[in-house]
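Taking it in order: structure first as structure tokens, then the write-up.
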Amino acid sequence: MWGDTGTVIIEPRVVKLTTRTEVDVKRSLPHARLRKIGAWVFMDHFGPTPQVDGMTVAAHPHTGLQTVTWLLDGAIDHRDSLGTAQNVTPGSLNLMTAGSGVAHSERSLTGPDTLHAVQLWVALPDEMRNMKPTFEHVESIPVVRFAAINAQVFIGELGDASSPATVFSPLVGAQLAVSGGGTIPLHADWEYGVLNVSGTVSVNGESVDEGSLWYSEPGLDRLDIDGDGTAILIGGEPFREQIVMWWNFIGRTHDEIAQMRMDWNLHTYPPFADRVGGWIPAPEMPNVTLTPR
Ligand code: MN
């Protein structure tokens with residue numbers, strides 16, 4: 001698929017959030033060249049940006065996926081239609097399993113000077129995607145060391161470390177503090193991505209620019225990482241189901257997505273209080289039929 005090495009470097013697109021600020025996010029997934037990595041279907045990289053330009057995203061829904069919010073710097077206040085009010089700061093994880101549908105809002109908090117975060121989505125397998133929504137805040141993030149690489153495994157498993165966060169398919173998400181070289185053992189039948197979020201990072205001898213995502217299809221049994229910086233590693237068993245991903249929803253058919261859109265715009269979700277106010281209506285559906293892929 002990607003020539004001899006089975007790898008490619010993805011440059012993120014710059015996207016305007018539906019937000020009250022003018023700050024852009026860098027989106028590496030989905031990408032024209034790469035739709036998923038395991039069950040990971042969405043990867044946004046936000047900042048680093050001064051907190052005064054932080055994020056404020058009003059209430060909006062999700063279905064059929066998990067949102068994974070991991071901060072490198074700053075603080076974000078999460079509120080949702082389950083009644084959750086949970087700040088997330090560096091070193092802990094906010095994990096929202098949307099299942100049949102949940103709404104949330106997000107607002108970065110002053111105090112820390114800088115906001116720097118990734119937000120990722122994991123597609124739920126068909127048998128779990130209509131489950132009751134749940135929310136988890138995970139404080140006990142396991143750490144594993146590979147020579148000069150320190151890995152915080154916020155979800156899934158890496159080496160001997162396994163996060164207590166709930167997952168529904170074999171995967172990993174980890175922050176790598178890189179201060180020299182180290183070798184990370186992989187599952188040879190998984191695919192992996194390494195996002196350079198700051199500094200210098202090279203993967204198996206390939207230099208990855210700040211903001212870019214290095215990807216490998218299945219087949220590798222190790223990553224040789226070197227540099228002086230920070231990276232986010234994601235990976236997983238290839239997700240074989242075809243999905244329809246539109247706006248904040250993941251379904252399996254066009255009609256299902258149209259119904260999800262209608263449900264949100266007709267206010268069928270439980271209301272919840274937050275410090276943001278308002279809500280984000282779902283946009284018009286496109287004039288073409290959405291097809292699973
Ligand atoms: Mn969201």
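A note on labels: chains of the structure tokens are A, B, ... as shown, every chain counts residues from 1, and ligands are counted from 1 in their shown order.
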
**Message:** I'd like the neighbourhood of Ile257 of chain A as an MDAnalysis selection string, where a residue qualifies if any of its atoms comes within 12 Å (using only C-alpha atoms), though same-chain residues fewer than 3 positions away should be ignored.
**Reply:** chainID A and resid 62:64 100:101 243:254 260:264 282:286 289:292

**Request:** For ligand 1, collect every residue having any atom at a distance of at most 7 Å from a ligand atom (counting only C-alpha atoms and all ligand atoms); output as a ChimeraX atom specification.
**Result:** /A:60-62,67,104-105,248

**Request:** Find the residues near Val194 of chain A: any atom within 12 Å, counting only C-alpha atoms, skip ones fewer than 6 places away on the same chain, and give them as a PyMOL selection string.
**Result:** chain A and resi 7-11+28+37+43+172-176+184+201-204+206-216+223-225+230-235

**Message:** Just checking: using only C-alpha atoms, which residue out of A:Ala161, A:Ala117, A:Met128, A:Gly182 ends up closest to Ala147 of chain A?
**Reply:**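 The shortest atom-to-atom distance to Ala147 of chain A comes from A:Gly182.
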
**Message:** Can you pull out the residues contacting Leu109 of chain A? Cut-off 7 Å, using only C-alpha atoms, and skip same-chain residues under 2 positions away; I want them as a list in words.
**Reply:**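 Contacts, in chain order: Ala75, Ile76, Asp77, Arg107 and Gly111 of chain A.
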
**Request:** Work out how far atom CA of Pro164 of chain A is from atom CA of Asp228 of chain A, in Å to one decimal.
**Result:** 28.5 Å

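Nearest-residue note for Arg129 of chain A: choosing from A:Thr97, A:Thr49, A:Ser179, A:Gln86, the minimum distance belongs to A:Thr97, counting only C-alpha atoms.
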
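Each of A:Val288, A:Leu158, A:Leu115, A:Ile280 was checked against Asn265 of chain A using only C-alpha atoms; the smallest atom-to-atom distance is that of A:Ile280.
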
**Selected residue, from A:Asn196, A:Ser92, A:Thr166, A:Asn287, that lies nearest to Ala258 of chain A when counting only C-alpha atoms** = A:Asn287

**Request:** Enumerate the residues of segment 79-160 of chain A with a DSSP assignment of strand (DSSP E or B), computed from the backbone, and present them as a PyMOL selection string.
**Result:** chain A and resi 79-80+85-88+93-97+102-108+114-123+134-138+143-146+149-158
